[in-house]
Amino acid sequence: MKVLNVIINLINAAVLAGTPLLLATSGEILTEKSGNLNLGVEGQMYMGAIAGLAGAWFAEQWFGTGGMIPLIIAVIFSFIMGCISGLIYSVLTVTLRANQNVTGLTLAIFGTGFGKFFGEVLGHKAGGFVAVGQETKAMFGNINFGKLTETPFIGTLFFRYNWLVYFALIIAVIMGWYLNKTRSGLSLRAVGESPGTADSAGINVTRYKYGATIIGGGLCGLAGMYMSMVNQKGIWVTDCVSGYGWLAIALVIFSTWSPLRAIYSSIIFGGLTVMYMRIPIPGLPTAIYMMFPYIATIIVLILTSIKQIKEHAQPASTGLNYYREER
Amino acid sequence: MQDTKPTTVDNVVEMRHICKSFGTVQALSDVHFELRRGEILSLLGENGSGKTTLMNILSGIYFPDAGDIFVNGKAVTIRQPKDAFDLNIGMVHQHFKLVDVFSAAENIVLGLPGGMTINRRSLSKHVREIADQYGFEIDPEKKVYDMSVSEKQTVEIIKALYRGADILILDEPTAVLTPQETDKLFDIMRAMKKDKKSIILITHKLNEVLAVSDRVTVLRKGEYIDTVQTKDATVQSLTDMMVGRSVSLEIDRPAPTNVKPILKVQSLTVLDQEGSKALDDVNFEVNGGEILGIAGISGSGQRELCEAIAGLYPVTGGSILYRTVVDGHEVDENVVGLNPNELVKKGIALAFVPEDRLGMGLVPSLDMVDNIMLKHYRKKKGFLVDRKSPRKIAERLVEELQIVTPDVFTPIRRLSGGNVQKILVGREIDTAPRLLMVAYPVRGLDINSSYTIYNLLNEQKEKGVAVIFVGEDLDVLMEISDRLLVLSGGRVTGIVDPRVTSKQDIGLLMLGQSIDKEKGADAV
Ligand SMILES: Nc1ncnc2c1ncn2[C@@H]1O[C@H](COP(=O)(O)OP(=O)(O)O)[C@@H](O)[C@H]1O
Ligand SMILES: [Mg+2]
């Protein structure tokens with residue numbers, strides 16, 4: 001029984017840690033499916049993290065109440081902030097045809113600085129440090145499922161999470177359906193695989209690239225909000241994103257560009273990132289633990305390149321900008 | 001915008017005063033073009049004469065700098081591909097526009113309006129209906145990456161028809177097809193013509209132009225030359241119009257002089273990916289001062305043979321003996337198992353122009369100088385590369401081979417196919433090889449460029465180089481080769497003297513049948 005409890009607790013922790021990864025990974029998958037390799041996820045998450053926290057905090061001030069309203073404002077702010085970061089990336093790479101890698105890395109650095117700077121500003125404004133009230137905090141805590149949570153095994157395994165966990169799952173499932181089953185999803189994939197083909201088939205390549213990158217950025221923004229509102233419980237912590245954005249990029253590869261596979265891979269990654277706290281191996285430094293997700297990614301890269309499944313590969317034009325009259 | 005009315009309503013397409021330039025390159029200047037309902041029109045011109053550019057303008061890929069377009073008598077503006085197929089214009093591009101990881105059906109339906117999700121069953125049914133109507137064979141569920149080129153082309157054509165195209169543009173569709181596949185395509189084109197569809201065919205093969213088209217429009221260096229009825233045209237008249245002067249269509253075959261052995265292939269056997277024999281007990285010799293032609297249905301082992309000799313394909317059995325001079329003595333050195341780099345180190349002067357020019361031969365995004373340097377830099381010692389001499393070579397090649405390029409610093413992917421091929425052949429010849437292997441050197445080349453290449457090969461032969469010429473046009477092979485080796489299913493079915501052997505007999509050898517000894521097989 002004790003072992004089972006440890007395992008269930010580990011799974012709980014893995015799911016909680018994996019949720020922001022799932023959100024950001026879904027966002028990045030959407031972006032890459034349009035042929036944009038956005039390496040700026042880390043920065044986008046920082047931007048979403050501060051926008052979400054600031055939104056919640058200001059909402060509390062303006063409306064004089066915690067709870068639902070600050071929650072909604074936090075969601076909207078972080079999503080919009082993420083969208084704006086995606087828009088910046090799109091303007092630079094799609095319209096101005098700047099190099100994608102350089103733009104993405106710059107966005108990562110810019111967004112990190114943006115988050116940290118405004119975190120400090122907000123701290124000054126709040127007189128010391130920012131923290132949301134209890135009521136708002138509770139909105140990001142575990143949902144009260146009543147008796148259900150108590151059900152042995154099933155309850156503890158499935159009903160001990162905050163709403164974002166279920167939200168992220170739904171997003172991933174919807175995205176899987178969108179990419180694989182819908183007409184518009186087919187067009188998006190065509191844009192990422194071969195923009196010239198999509199263009200000559202009458203698809204508006206620019207619109208799809210913008211759309212996917214902006215929505216994808218929005219999801220990264222929500223992932224950032226998760227870091228500040230759930231992980232740090234509504235308190236601004238300078239290093240709140242702490243590399244999760246880079247993990248999400250690795251996770252895109254690990255889940256071979258499929259949002260459905262991202263569901264279980266994000267739990268595995270989540271588990272790997274919290275393992276050092278749950279199952280410490282004496283003498284093994286934490287830094288080694290932190291490497292596990294990346295090692296796992298390398299292994300998946302090797303395996304997929306050996307197996308050569310074309311459907312599991314990066315969209316063929318990812319990283320390349322498109323210009324119709326270029327050849 | 002001088003004229004606003006088309007001359008006759010019989011023209012489904014009329015283009016007037018079309019101009020288009022790319023940077024400093026004037027690709028089209030003041031070009032006229034007319035297409036009639038229910039006709040097959042050939043668009044003819046040398047490489048780089050602007051055929052693809054003109055058709056890309058009609059299909060919305062490029063936007064013209066100036067000029068008017070009329071479709072069905074109405075002035076139209078085509079800004080993007082979608083505008084083109086709203087006007088029922090469909091184009092099958094020279095480099096296919098298909099998504100590799102999609103199925104045929106997904107490619108066909110791509111970008112079309114409709115419900116949120118795709119009803120795959122009714123889609124497949126509709127695709128099959130179109131296929132049956134015109135006699136295509138297609139499996140709607142097959143993934144493009146599993147398809148042969150001719151299957152991909154079928155998908156492209158059905159894609160255009162599915163969109164309701166009445167005007168179909170085919171850009172060099174036959175360059176990649178076998179003769180049988182070409183015949184099938186032409187039957188389909190005739191069926192479409194009966195259906196009152198209008199077809200524009202771009203091809204360099206003049207016999208195809210004469211066989212299938214009703215009229216021929218000729219472009220030269222971005223300018224409109226003339227349009228003639230096919231029934232009044234001959235290969236010679238079309239060539240002269242294209243080139244702008246009278247050219248001789250005879251291929252030289254200077255008598256071999258100073259013939260001496262250079263390469264001996266003995267019992268060569270190699271396996272393909274599945275482990276069956278791609279080459280089976282192949283024996284032959286190549287001599288300096290002669291051209292050995294290699295004929296065969298495509299996929300009979302030509303590629304494996306060339307790559308094995310060049311050290312690029314693993315050899316299972318047999319030997320490849322290369323005549324070298326060691327300490328003043330001539331010895332036959334077995335080069336099996338050596339990679340290209342080791343071959344160079346051994347002083348084996350071998351040059352290879354592969355079938356896949358932009359994949360294996362040249363780097364598309366680099367300019368001429370850098371592409372030449374790739375072959376050149378090893379000759380020089382030192383840490384820094386020398387860019388002066390490759391630049392000189394590049395400039396010399398441009399002049400000698402009349403390569404059309406803005407300058408030697410333009411990425412070669414911007415150049416037309418013929419010019420790319422001239423660069424590759426020119427670079428290889430410049431290494432002063434003793435053995436020159438060329439695979440399908442004139443594929444996709446216009447007639448004038450083809451003759452330039454033939455002349456280059458003959459020059460090398462006269463210099464004493466051993467030339468191996470893998471070709472697909474049997475007429476050309478028979479005219480240029482001193483000896484002709486026929487491959488069938490990885491086996492040598494004959495080495496004949498093309499001067500005394502009939503085309504029919506060689507055809508039989510290609511199909512794997514033997515011919516009577518007296519008739520000339522093994523005569524050499
Ligand atoms: N997208 C492009 N960018 C730059 N140059 C181009 C482009 N497309 C065509 N050209 C140039 O325009 C000329 C005509 O090319 P093209 O229409 O492809 O010739 P063809 O199809 O008759 O062989 C060539 O000199 C070619 O290099
Ligand atoms: Mg062309």
# chains A, B, ... in the order shown; residues from 1 in each chain; ligands from 1
$ residues_around --residues "Leu4 (chain A)" --least-positions-apart "4" --cutoff "12 Å" --atoms "only C-alpha atoms" --output "PDB file with all heavy atoms, in the first residue's frame"
ATOM      1  N   ILE A   8       1.468   6.842  -6.679  1.00  0.00           N
ATOM      2  CA  ILE A   8       0.388   7.772  -7.016  1.00  0.00           C
ATOM      3  C   ILE A   8       0.805   9.210  -6.741  1.00  0.00           C
ATOM      4  O   ILE A   8       0.546  10.106  -7.556  1.00  0.00           O
ATOM      5  CB  ILE A   8      -0.900   7.399  -6.249  1.00  0.00           C
ATOM      6  CG1 ILE A   8      -1.493   6.128  -6.880  1.00  0.00           C
ATOM      7  CG2 ILE A   8      -1.918   8.538  -6.315  1.00  0.00           C
ATOM      8  CD1 ILE A   8      -2.742   5.643  -6.221  1.00  0.00           C
ATOM      9  N   ASN A   9       1.494   9.415  -5.634  1.00  0.00           N
ATOM     10  CA  ASN A   9       1.978  10.766  -5.343  1.00  0.00           C
ATOM     11  C   ASN A   9       2.934  11.256  -6.423  1.00  0.00           C
ATOM     12  O   ASN A   9       2.892  12.412  -6.827  1.00  0.00           O
ATOM     13  CB  ASN A   9       2.677  10.805  -3.989  1.00  0.00           C
ATOM     14  CG  ASN A   9       1.666  10.823  -2.862  1.00  0.00           C
ATOM     15  OD1 ASN A   9       0.511  11.200  -3.070  1.00  0.00           O
ATOM     16  ND2 ASN A   9       2.080  10.398  -1.678  1.00  0.00           N
ATOM     17  N   LEU A  10       3.788  10.355  -6.872  1.00  0.00           N
ATOM     18  CA  LEU A  10       4.734  10.736  -7.931  1.00  0.00           C
ATOM     19  C   LEU A  10       3.977  11.103  -9.203  1.00  0.00           C
ATOM     20  O   LEU A  10       4.279  12.105  -9.860  1.00  0.00           O
ATOM     21  CB  LEU A  10       5.712   9.596  -8.199  1.00  0.00           C
ATOM     22  CG  LEU A  10       6.757   9.913  -9.278  1.00  0.00           C
ATOM     23  CD1 LEU A  10       7.692  11.025  -8.821  1.00  0.00           C
ATOM     24  CD2 LEU A  10       7.556   8.676  -9.659  1.00  0.00           C
ATOM     25  N   ILE A  11       2.961  10.298  -9.503  1.00  0.00           N
ATOM     26  CA  ILE A  11       2.184  10.597 -10.714  1.00  0.00           C
ATOM     27  C   ILE A  11       1.475  11.952 -10.562  1.00  0.00           C
ATOM     28  O   ILE A  11       1.496  12.786 -11.475  1.00  0.00           O
ATOM     29  CB  ILE A  11       1.165   9.478 -11.008  1.00  0.00           C
ATOM     30  CG1 ILE A  11       1.921   8.218 -11.429  1.00  0.00           C
ATOM     31  CG2 ILE A  11       0.187   9.891 -12.105  1.00  0.00           C
ATOM     32  CD1 ILE A  11       1.044   7.012 -11.649  1.00  0.00           C
ATOM     33  N   PRO A 152     -10.502   5.556  -3.432  1.00  0.00           N
ATOM     34  CA  PRO A 152      -9.137   5.069  -3.523  1.00  0.00           C
ATOM     35  C   PRO A 152      -8.725   4.902  -4.987  1.00  0.00           C
ATOM     36  O   PRO A 152      -9.566   4.579  -5.829  1.00  0.00           O
ATOM     37  CB  PRO A 152      -9.170   3.715  -2.800  1.00  0.00           C
ATOM     38  CG  PRO A 152     -10.576   3.475  -2.401  1.00  0.00           C
ATOM     39  CD  PRO A 152     -11.404   4.654  -2.722  1.00  0.00           C
ATOM     40  N   PHE A 153      -7.469   5.083  -5.205  1.00  0.00           N
ATOM     41  CA  PHE A 153      -6.879   4.905  -6.531  1.00  0.00           C
ATOM     42  C   PHE A 153      -7.448   5.877  -7.559  1.00  0.00           C
ATOM     43  O   PHE A 153      -6.772   6.841  -7.928  1.00  0.00           O
ATOM     44  CB  PHE A 153      -7.066   3.455  -6.993  1.00  0.00           C
ATOM     45  CG  PHE A 153      -6.165   3.123  -8.139  1.00  0.00           C
ATOM     46  CD1 PHE A 153      -4.779   3.136  -7.964  1.00  0.00           C
ATOM     47  CD2 PHE A 153      -6.684   2.836  -9.386  1.00  0.00           C
ATOM     48  CE1 PHE A 153      -3.941   2.859  -9.034  1.00  0.00           C
ATOM     49  CE2 PHE A 153      -5.845   2.559 -10.449  1.00  0.00           C
ATOM     50  CZ  PHE A 153      -4.473   2.568 -10.264  1.00  0.00           C
ATOM     51  N   THR A 156      -7.619   9.500  -6.222  1.00  0.00           N
ATOM     52  CA  THR A 156      -6.307  10.110  -6.005  1.00  0.00           C
ATOM     53  C   THR A 156      -5.555  10.279  -7.309  1.00  0.00           C
ATOM     54  O   THR A 156      -4.768  11.202  -7.475  1.00  0.00           O
ATOM     55  CB  THR A 156      -5.469   9.254  -5.052  1.00  0.00           C
ATOM     56  OG1 THR A 156      -5.576   7.905  -5.473  1.00  0.00           O
ATOM     57  CG2 THR A 156      -5.971   9.390  -3.631  1.00  0.00           C
ATOM     58  N   LEU A 157      -5.815   9.396  -8.254  1.00  0.00           N
ATOM     59  CA  LEU A 157      -5.066   9.456  -9.507  1.00  0.00           C
ATOM     60  C   LEU A 157      -5.634  10.518 -10.454  1.00  0.00           C
ATOM     61  O   LEU A 157      -4.882  11.206 -11.142  1.00  0.00           O
ATOM     62  CB  LEU A 157      -5.111   8.084 -10.191  1.00  0.00           C
ATOM     63  CG  LEU A 157      -4.011   7.799 -11.197  1.00  0.00           C
ATOM     64  CD1 LEU A 157      -2.636   8.000 -10.575  1.00  0.00           C
ATOM     65  CD2 LEU A 157      -4.146   6.374 -11.705  1.00  0.00           C
TER      66      LEU A 157
END
$ residues_near_ligand --ligand "ligand 1" --cutoff "8 Å" --atoms "only C-alpha atoms and all ligand atoms" --output "number ranges by chain"
A: 325-327; B: 21-23, 25-28, 44-54, 171, 219, 221-222, 404-405, 414-418
$ interface_residues --of "chain B" --to "chain A" --cutoff "8 Å" --atoms "only C-alpha atoms" --output "ChimeraX atom specification"
/B:60-62,80-82,97-101,106,110-112,114-118,413-414
$ write_last_selection --atoms "C-alpha atoms" --output "short mmCIF file (atom, residue, chain, number, x, y, z; two decimals), in the first residue's frame"
data_model
loop_
_atom_site.label_atom_id
_atom_site.label_comp_id
_atom_site.auth_asym_id
_atom_site.auth_seq_id
_atom_site.Cartn_x
_atom_site.Cartn_y
_atom_site.Cartn_z
CA GLY B 60 -0.41 33.17 -60.27
CA ILE B 61 3.01 32.25 -58.91
CA TYR B 62 4.69 35.30 -60.38
CA GLN B 80 -2.14 34.49 -56.59
CA PRO B 81 -2.59 30.81 -57.43
CA LYS B 82 -6.13 30.86 -56.12
CA LYS B 97 4.11 20.71 -55.69
CA LEU B 98 3.02 17.89 -53.44
CA VAL B 99 3.25 17.30 -49.72
CA ASP B 100 5.31 14.15 -49.22
CA VAL B 101 3.68 12.96 -46.02
CA GLU B 106 -5.15 14.71 -49.22
CA LEU B 110 -5.70 20.51 -50.23
CA GLY B 111 -6.81 24.12 -49.94
CA LEU B 112 -10.29 23.58 -51.32
CA GLY B 114 -15.77 22.67 -47.88
CA GLY B 115 -16.98 21.39 -44.55
CA MET B 116 -14.92 21.52 -41.41
CA THR B 117 -13.78 17.93 -41.70
CA ILE B 118 -13.04 15.96 -44.84
CA ARG B 413 19.71 27.10 -58.06
CA ARG B 414 18.58 30.32 -59.77
#
$ residues_around --residues "Val144 (chain B)" --least-positions-apart "2" --cutoff "7 Å" --atoms "only C-alpha atoms" --output "PyMOL selection string"
chain B and resi 100-104+142+146-147+152
$ closest_residue --among "A:Met81, A:Met275, A:Ala98, A:Ile253" --to "Ile302 (chain A)" --atoms "only C-alpha atoms"
A:Ile253
$ residues_around --residues "Ile170 (chain A)" --least-positions-apart "6" --cutoff "12 Å" --atoms "only C-alpha atoms" --output "CSV table (one decimal) with N, CA, C and O atoms, in the first residue's frame"
chain,number,residue,atom,x,y,z
A,19,THR,N,1.9,19.8,-16.7
A,19,THR,CA,0.9,20.6,-17.3
A,19,THR,C,1.4,21.9,-18.0
A,19,THR,O,1.0,22.1,-19.2
A,22,LEU,N,2.9,20.7,-21.1
A,22,LEU,CA,1.9,20.3,-22.1
A,22,LEU,C,1.3,21.5,-22.9
A,22,LEU,O,1.2,21.5,-24.1
A,23,LEU,N,1.0,22.6,-22.1
A,23,LEU,CA,0.5,23.8,-22.7
A,23,LEU,C,1.5,24.4,-23.7
A,23,LEU,O,1.2,24.7,-24.8
A,26,SER,N,2.1,22.1,-26.7
A,26,SER,CA,1.0,22.2,-27.7
A,26,SER,C,1.2,23.5,-28.5
A,26,SER,O,1.0,23.5,-29.7
A,163,TRP,N,-7.7,23.2,-12.3
A,163,TRP,CA,-8.5,23.2,-13.5
A,163,TRP,C,-7.6,23.2,-14.8
A,163,TRP,O,-7.9,22.7,-15.8
A,164,LEU,N,-6.4,23.9,-14.6
A,164,LEU,CA,-5.5,24.0,-15.8
A,164,LEU,C,-5.1,22.6,-16.3
A,164,LEU,O,-4.8,22.5,-17.5
A,176,GLY,N,-5.0,17.8,-31.5
A,176,GLY,CA,-4.8,16.6,-32.3
A,176,GLY,C,-5.9,16.4,-33.3
A,176,GLY,O,-5.6,16.0,-34.4
A,177,TRP,N,-7.1,16.6,-32.8
A,177,TRP,CA,-8.3,16.4,-33.8
A,177,TRP,C,-8.2,17.5,-34.9
A,177,TRP,O,-8.3,17.2,-36.1
A,178,TYR,N,-7.8,18.7,-34.5
A,178,TYR,CA,-7.7,19.8,-35.5
A,178,TYR,C,-6.7,19.5,-36.6
A,178,TYR,O,-7.0,19.5,-37.8
A,259,PRO,N,0.4,16.5,-30.7
A,259,PRO,CA,-0.1,16.9,-29.4
A,259,PRO,C,-0.7,15.8,-28.6
A,259,PRO,O,-0.6,15.9,-27.3
A,260,LEU,N,-1.2,14.7,-29.2
A,260,LEU,CA,-1.7,13.6,-28.4
A,260,LEU,C,-0.6,12.9,-27.7
A,260,LEU,O,-0.7,12.5,-26.5
A,263,ILE,N,0.8,14.5,-24.6
A,263,ILE,CA,0.1,14.3,-23.3
A,263,ILE,C,0.9,13.4,-22.4
A,263,ILE,O,1.3,13.7,-21.3
$ atom_distance --atom1 "CA of Thr112 (chain A)" --atom2 "CA of Tyr264 (chain A)"
27.8 Å
$ select_by_dssp --residues "region 145-232 of chain B" --states "strand (DSSP E or B)" --output "VMD selection string"
chain B and resid 167 to 171 198 to 202 215 to 220 223 to 229
$ write_last_selection --atoms "N, CA, C and O atoms" --output "PDB file, in the first residue's frame"
ATOM      1  N   ILE B 167      -8.078  24.599 -68.392  1.00  0.00           N
ATOM      2  CA  ILE B 167      -6.831  24.982 -69.036  1.00  0.00           C
ATOM      3  C   ILE B 167      -5.732  24.343 -68.209  1.00  0.00           C
ATOM      4  O   ILE B 167      -5.573  24.651 -67.025  1.00  0.00           O
ATOM      5  N   LEU B 168      -5.016  23.415 -68.821  1.00  0.00           N
ATOM      6  CA  LEU B 168      -4.028  22.671 -68.053  1.00  0.00           C
ATOM      7  C   LEU B 168      -2.637  22.964 -68.592  1.00  0.00           C
ATOM      8  O   LEU B 168      -2.389  22.858 -69.794  1.00  0.00           O
ATOM      9  N   ILE B 169      -1.733  23.351 -67.694  1.00  0.00           N
ATOM     10  CA  ILE B 169      -0.362  23.648 -68.091  1.00  0.00           C
ATOM     11  C   ILE B 169       0.520  22.516 -67.589  1.00  0.00           C
ATOM     12  O   ILE B 169       0.498  22.199 -66.402  1.00  0.00           O
ATOM     13  N   LEU B 170       1.283  21.900 -68.476  1.00  0.00           N
ATOM     14  CA  LEU B 170       2.178  20.821 -68.069  1.00  0.00           C
ATOM     15  C   LEU B 170       3.617  21.268 -68.354  1.00  0.00           C
ATOM     16  O   LEU B 170       4.010  21.404 -69.512  1.00  0.00           O
ATOM     17  N   ASP B 171       4.390  21.505 -67.300  1.00  0.00           N
ATOM     18  CA  ASP B 171       5.755  22.002 -67.475  1.00  0.00           C
ATOM     19  C   ASP B 171       6.738  20.836 -67.482  1.00  0.00           C
ATOM     20  O   ASP B 171       6.994  20.228 -66.448  1.00  0.00           O
ATOM     21  N   SER B 198      -8.194  22.714 -72.822  1.00  0.00           N
ATOM     22  CA  SER B 198      -7.041  23.242 -73.551  1.00  0.00           C
ATOM     23  C   SER B 198      -5.786  22.915 -72.757  1.00  0.00           C
ATOM     24  O   SER B 198      -5.771  23.068 -71.543  1.00  0.00           O
ATOM     25  N   ILE B 199      -4.751  22.477 -73.466  1.00  0.00           N
ATOM     26  CA  ILE B 199      -3.548  22.035 -72.774  1.00  0.00           C
ATOM     27  C   ILE B 199      -2.320  22.749 -73.320  1.00  0.00           C
ATOM     28  O   ILE B 199      -2.153  22.878 -74.538  1.00  0.00           O
ATOM     29  N   ILE B 200      -1.481  23.212 -72.404  1.00  0.00           N
ATOM     30  CA  ILE B 200      -0.201  23.787 -72.795  1.00  0.00           C
ATOM     31  C   ILE B 200       0.876  22.801 -72.374  1.00  0.00           C
ATOM     32  O   ILE B 200       0.945  22.422 -71.208  1.00  0.00           O
ATOM     33  N   LEU B 201       1.687  22.368 -73.326  1.00  0.00           N
ATOM     34  CA  LEU B 201       2.716  21.377 -73.041  1.00  0.00           C
ATOM     35  C   LEU B 201       4.091  22.001 -73.238  1.00  0.00           C
ATOM     36  O   LEU B 201       4.393  22.528 -74.310  1.00  0.00           O
ATOM     37  N   ILE B 202       4.916  21.937 -72.202  1.00  0.00           N
ATOM     38  CA  ILE B 202       6.302  22.366 -72.360  1.00  0.00           C
ATOM     39  C   ILE B 202       7.160  21.116 -72.431  1.00  0.00           C
ATOM     40  O   ILE B 202       7.053  20.238 -71.576  1.00  0.00           O
ATOM     41  N   ARG B 215      -0.504  23.205 -82.217  1.00  0.00           N
ATOM     42  CA  ARG B 215       0.258  24.386 -82.622  1.00  0.00           C
ATOM     43  C   ARG B 215       1.481  24.495 -81.722  1.00  0.00           C
ATOM     44  O   ARG B 215       1.517  23.894 -80.649  1.00  0.00           O
ATOM     45  N   VAL B 216       2.460  25.265 -82.164  1.00  0.00           N
ATOM     46  CA  VAL B 216       3.678  25.427 -81.388  1.00  0.00           C
ATOM     47  C   VAL B 216       3.996  26.910 -81.254  1.00  0.00           C
ATOM     48  O   VAL B 216       4.009  27.628 -82.255  1.00  0.00           O
ATOM     49  N   THR B 217       4.219  27.356 -80.033  1.00  0.00           N
ATOM     50  CA  THR B 217       4.668  28.726 -79.814  1.00  0.00           C
ATOM     51  C   THR B 217       6.117  28.683 -79.368  1.00  0.00           C
ATOM     52  O   THR B 217       6.488  27.858 -78.532  1.00  0.00           O
ATOM     53  N   VAL B 218       6.937  29.544 -79.970  1.00  0.00           N
ATOM     54  CA  VAL B 218       8.367  29.501 -79.677  1.00  0.00           C
ATOM     55  C   VAL B 218       8.814  30.783 -78.974  1.00  0.00           C
ATOM     56  O   VAL B 218       8.471  31.887 -79.401  1.00  0.00           O
ATOM     57  N   LEU B 219       9.544  30.616 -77.902  1.00  0.00           N
ATOM     58  CA  LEU B 219      10.181  31.741 -77.214  1.00  0.00           C
ATOM     59  C   LEU B 219      11.688  31.625 -77.392  1.00  0.00           C
ATOM     60  O   LEU B 219      12.227  30.528 -77.507  1.00  0.00           O
ATOM     61  N   ARG B 220      12.345  32.763 -77.413  1.00  0.00           N
ATOM     62  CA  ARG B 220      13.803  32.732 -77.425  1.00  0.00           C
ATOM     63  C   ARG B 220      14.316  33.873 -76.546  1.00  0.00           C
ATOM     64  O   ARG B 220      13.953  35.024 -76.774  1.00  0.00           O
ATOM     65  N   GLU B 223      11.878  36.382 -75.436  1.00  0.00           N
ATOM     66  CA  GLU B 223      11.084  37.093 -76.423  1.00  0.00           C
ATOM     67  C   GLU B 223      10.209  36.133 -77.213  1.00  0.00           C
ATOM     68  O   GLU B 223      10.567  34.980 -77.426  1.00  0.00           O
ATOM     69  N   TYR B 224       9.056  36.654 -77.634  1.00  0.00           N
ATOM     70  CA  TYR B 224       8.150  35.842 -78.438  1.00  0.00           C
ATOM     71  C   TYR B 224       8.668  35.788 -79.863  1.00  0.00           C
ATOM     72  O   TYR B 224       8.993  36.818 -80.454  1.00  0.00           O
ATOM     73  N   ILE B 225       8.781  34.593 -80.418  1.00  0.00           N
ATOM     74  CA  ILE B 225       9.295  34.475 -81.788  1.00  0.00           C
ATOM     75  C   ILE B 225       8.157  34.268 -82.773  1.00  0.00           C
ATOM     76  O   ILE B 225       7.940  35.076 -83.661  1.00  0.00           O
ATOM     77  N   ASP B 226       7.384  33.179 -82.595  1.00  0.00           N
ATOM     78  CA  ASP B 226       6.328  32.912 -83.566  1.00  0.00           C
ATOM     79  C   ASP B 226       5.463  31.758 -83.071  1.00  0.00           C
ATOM     80  O   ASP B 226       5.841  31.048 -82.140  1.00  0.00           O
ATOM     81  N   THR B 227       4.304  31.611 -83.717  1.00  0.00           N
ATOM     82  CA  THR B 227       3.473  30.445 -83.456  1.00  0.00           C
ATOM     83  C   THR B 227       3.181  29.791 -84.791  1.00  0.00           C
ATOM     84  O   THR B 227       2.809  30.482 -85.748  1.00  0.00           O
ATOM     85  N   VAL B 228       3.379  28.479 -84.874  1.00  0.00           N
ATOM     86  CA  VAL B 228       3.156  27.784 -86.145  1.00  0.00           C
ATOM     87  C   VAL B 228       2.250  26.587 -85.934  1.00  0.00           C
ATOM     88  O   VAL B 228       2.097  26.093 -84.818  1.00  0.00           O
ATOM     89  N   GLN B 229       1.633  26.146 -87.043  1.00  0.00           N
ATOM     90  CA  GLN B 229       0.855  24.912 -87.003  1.00  0.00           C
ATOM     91  C   GLN B 229       1.822  23.739 -86.945  1.00  0.00           C
ATOM     92  O   GLN B 229       2.813  23.714 -87.680  1.00  0.00           O
TER      93      GLN B 229
END
$ closest_residue --among "A:Gly211, A:Gly119, A:Gly40, A:Pro70" --to "Trp246 (chain A)" --atoms "only C-alpha atoms"
A:Gly40
$ atom_distance --atom1 "CA of Leu272 (chain A)" --atom2 "CA of Met229 (chain A)"
21.8 Å
$ closest_residue --among "B:Arg79, B:Lys260, B:Arg499, B:His204" --to "ligand 2" --atoms "only C-alpha atoms and all ligand atoms"
B:His204
$ residues_around --residues "Lys375 (chain B)" --least-positions-apart "5" --cutoff "10 Å" --atoms "only C-alpha atoms" --output "compact mmCIF listing (two decimals) with all heavy atoms, in the first residue's frame"
# COMPACT_ATOMS: atom_id res chain seq x y z
N ASP B 370 32.16 28.71 -55.78
CA ASP B 370 32.24 27.78 -54.65
C ASP B 370 32.02 26.34 -55.09
O ASP B 370 32.66 25.42 -54.59
CB ASP B 370 31.21 28.16 -53.58
CG ASP B 370 31.63 29.40 -52.81
OD1 ASP B 370 32.79 29.82 -52.99
OD2 ASP B 370 30.82 29.93 -52.05
N PRO B 390 39.56 29.07 -58.82
CA PRO B 390 38.22 28.63 -59.21
C PRO B 390 37.42 29.73 -59.90
O PRO B 390 36.63 29.46 -60.81
CB PRO B 390 37.55 28.23 -57.89
CG PRO B 390 38.49 28.54 -56.81
CD PRO B 390 39.82 28.81 -57.39
N ARG B 427 32.89 21.56 -65.00
CA ARG B 427 33.75 21.41 -63.82
C ARG B 427 34.45 20.05 -63.85
O ARG B 427 35.65 19.95 -63.58
CB ARG B 427 32.92 21.54 -62.55
CG ARG B 427 33.76 21.43 -61.31
CD ARG B 427 32.92 21.37 -60.06
NE ARG B 427 32.32 20.04 -59.89
CZ ARG B 427 31.51 19.74 -58.88
NH1 ARG B 427 31.19 20.64 -57.98
NH2 ARG B 427 31.01 18.52 -58.79
N GLU B 428 33.71 19.01 -64.19
CA GLU B 428 34.30 17.68 -64.19
C GLU B 428 35.39 17.56 -65.25
O GLU B 428 36.45 17.00 -65.02
CB GLU B 428 33.23 16.62 -64.41
CG GLU B 428 32.24 16.51 -63.25
CD GLU B 428 32.91 16.21 -61.92
OE1 GLU B 428 33.83 15.37 -61.90
OE2 GLU B 428 32.54 16.83 -60.90
N ASP B 430 37.15 19.87 -66.40
CA ASP B 430 38.28 20.71 -66.03
C ASP B 430 39.29 19.99 -65.14
O ASP B 430 40.44 20.40 -65.03
CB ASP B 430 37.75 21.95 -65.30
CG ASP B 430 38.84 22.98 -65.14
OD1 ASP B 430 39.21 23.58 -66.15
OD2 ASP B 430 39.35 23.13 -64.01
N THR B 431 38.87 18.88 -64.51
CA THR B 431 39.81 18.15 -63.66
C THR B 431 40.73 17.27 -64.49
O THR B 431 41.50 16.50 -63.94
CB THR B 431 39.06 17.26 -62.65
OG1 THR B 431 38.28 16.31 -63.39
CG2 THR B 431 38.16 18.07 -61.75
